[in-house]
Amino acid sequence: MPTFTGDEAIHYDSRIQRLVPGYELLHQLTRAQCQVQLKADAKVLVVGAGTGKEVLELAKENPQMQFVAQDISRDMLDIAQQRFNEAGVHSRVKCHLGSLEGLEGAFDGAICLLVMHFIADDGGKAQLLKHIRAHLHNNAWLWIADLMKPETQFERDAQFVVCQQLGLTDIGVERTRQSFATSFFALDRMRFAQLLDDSGFSVAHCYFKALSFAGYAISCE
Ligand SMILES: C[S@@+](CC[C@H](N)C(=O)[O-])C[C@H]1O[C@@H](n2cnc3c(N)ncnc32)[C@H](O)[C@@H]1O
């Protein structure tokens, strides 16, 4: 997995736009779903909040919403905290560094974008989903997006074509190709459905798909 520390954290926002086709759209659609499905003063858990994009944009549009921004990278969360301060939303956001285990509280919704694909399917993914579920009310929703297994043999290559169009260099493509093979643990839809079922979630509804990146809205059972 990338470290998400030091320069990786500093350059994250520009780099991610070249690595995830439709990154802005994914966030826009996630936000729209939260806006229509969550109540105005909802408490939202953002897992792997990174540099704070999900929280910042939702907080600006929804002045009564409250957030916990959780991440395991101090450097990413430090950038997020600075942005929350600058945007004047810091009083509604609590930053939580470390695993979800040490976190208290129950939430109306959770967002987990581009995080779970870094966690191996050796019990790690199941544990993450169960921890998220344990922090959600019974009628809550989860919005989750990840790199999935390719649906065709040429889907990954097409993805790299788009990444190059978005500004990724030849070396960047080669590094990403290696990283997909070693640092990403992509699921197919059957396995994803099984993990959700085992963790107390319902059926996944796809709301975003850009080549192998997919986003799903899922209610608690
Ligand atoms: C690709 S970034 C996504 C950040 C943000 N969600 C976004 O859409 O821009 C992945 C983030 O997940 C964090 N992360 C990785 N493993 C994690 C875990 N087990 N629990 C929480 N955060 C994790 C990383 O530190 C990083 O900030």
# chains A, B, ... in the order shown; residues from 1 in each chain; ligands from 1
>>> closest_atom_pairs(of="chain A", to="ligand 1", cutoff="9 Å", atoms="only C-alpha atoms and all ligand atoms", output="Markdown table")
| residue | atom | partner | partner_atom_place_in_ligand_line | distance |
| --- | --- | --- | --- | --- |
| A:Met1 | CA | ligand 1 | 15 (C) | 7.7 |
| A:Pro2 | CA | ligand 1 | 24 (C) | 8.0 |
| A:Thr3 | CA | ligand 1 | 25 (O) | 7.0 |
| A:Phe4 | CA | ligand 1 | 25 (O) | 5.3 |
| A:Thr5 | CA | ligand 1 | 25 (O) | 7.9 |
| A:Ala9 | CA | ligand 1 | 27 (O) | 7.9 |
| A:Tyr12 | CA | ligand 1 | 2 (S) | 8.0 |
| A:Asp13 | CA | ligand 1 | 9 (O) | 7.3 |
| A:Ile16 | CA | ligand 1 | 1 (C) | 7.1 |
| A:Tyr23 | CA | ligand 1 | 8 (O) | 7.7 |
| A:Leu26 | CA | ligand 1 | 8 (O) | 8.5 |
| A:His27 | CA | ligand 1 | 8 (O) | 7.2 |
| A:Val46 | CA | ligand 1 | 6 (N) | 7.7 |
| A:Val47 | CA | ligand 1 | 21 (C) | 5.5 |
| A:Gly48 | CA | ligand 1 | 22 (N) | 3.5 |
| A:Ala49 | CA | ligand 1 | 6 (N) | 4.5 |
| A:Gly50 | CA | ligand 1 | 27 (O) | 3.5 |
| A:Thr51 | CA | ligand 1 | 4 (C) | 6.5 |
| A:Gly52 | CA | ligand 1 | 5 (C) | 6.8 |
| A:Lys53 | CA | ligand 1 | 9 (O) | 6.1 |
| A:Glu54 | CA | ligand 1 | 8 (O) | 6.8 |
| A:Gln70 | CA | ligand 1 | 21 (C) | 6.3 |
| A:Asp71 | CA | ligand 1 | 22 (N) | 4.0 |
| A:Ile72 | CA | ligand 1 | 22 (N) | 4.8 |
| A:Ser73 | CA | ligand 1 | 25 (O) | 4.4 |
| A:Arg74 | CA | ligand 1 | 25 (O) | 8.0 |
| A:Asp75 | CA | ligand 1 | 25 (O) | 8.5 |
| A:Met76 | CA | ligand 1 | 27 (O) | 5.6 |
| A:Leu77 | CA | ligand 1 | 27 (O) | 7.5 |
| A:Leu97 | CA | ligand 1 | 21 (C) | 8.5 |
| A:Gly98 | CA | ligand 1 | 21 (C) | 7.1 |
| A:Ser99 | CA | ligand 1 | 20 (N) | 5.9 |
| A:Leu100 | CA | ligand 1 | 20 (N) | 7.3 |
| A:Ile111 | CA | ligand 1 | 6 (N) | 8.0 |
| A:Cys112 | CA | ligand 1 | 6 (N) | 6.2 |
| A:Leu113 | CA | ligand 1 | 6 (N) | 4.4 |
| A:Leu114 | CA | ligand 1 | 3 (C) | 4.8 |
| A:Val115 | CA | ligand 1 | 12 (O) | 4.4 |
| A:Met116 | CA | ligand 1 | 16 (N) | 6.9 |
| A:His117 | CA | ligand 1 | 16 (N) | 8.7 |
| A:Phe118 | CA | ligand 1 | 16 (N) | 6.2 |
| A:Ile119 | CA | ligand 1 | 19 (N) | 6.6 |
| A:Gly124 | CA | ligand 1 | 19 (N) | 8.2 |
| A:Lys125 | CA | ligand 1 | 19 (N) | 8.6 |
| A:Leu128 | CA | ligand 1 | 19 (N) | 7.0 |
| A:Ala145 | CA | ligand 1 | 8 (O) | 8.6 |
>>> residues_around(residues="Val173 (chain A)", least_positions_apart="6", cutoff="8 Å", atoms="only C-alpha atoms", output="PyMOL selection string")
chain A and resi 160+163-164
>>> write_last_selection(atoms="N, CA, C and O atoms", output="tab-separated table (two decimals), in the first residue's frame")
chain	number	residue	atom	x	y	z
A	160	PHE	N	-5.51	2.42	-17.95
A	160	PHE	CA	-4.22	3.11	-18.06
A	160	PHE	C	-4.22	4.11	-19.21
A	160	PHE	O	-3.56	5.15	-19.11
A	163	CYS	N	-5.78	7.07	-17.69
A	163	CYS	CA	-4.86	7.69	-16.72
A	163	CYS	C	-3.81	8.53	-17.47
A	163	CYS	O	-3.46	9.63	-17.03
A	164	GLN	N	-3.32	8.03	-18.60
A	164	GLN	CA	-2.35	8.81	-19.37
A	164	GLN	C	-2.99	10.06	-19.93
A	164	GLN	O	-2.39	11.13	-19.94
>>> closest_residue(among="A:Leu58, A:Ala120, A:Ala110, A:Ala158", to="Ile132 (chain A)", atoms="only C-alpha atoms")
A:Ala110
>>> residues_around(residues="Lys43 (chain A)", least_positions_apart="5", cutoff="10 Å", atoms="only C-alpha atoms", output="count of residues only")
15
>>> closest_residue(among="A:Gln81, A:Gln17, A:Asn62, A:Glu221", to="Gln35 (chain A)", atoms="only C-alpha atoms")
A:Asn62
>>> residues_around(residues="region 195-212 of chain A", least_positions_apart="4", cutoff="9 Å", atoms="only C-alpha atoms", output="VMD selection string")
chain A and resid 20 to 22 25 to 26 29 to 30 33 125 to 127 129 to 134 141 to 142 145 to 151 155 to 156 158 to 159 190 to 191 216 to 221
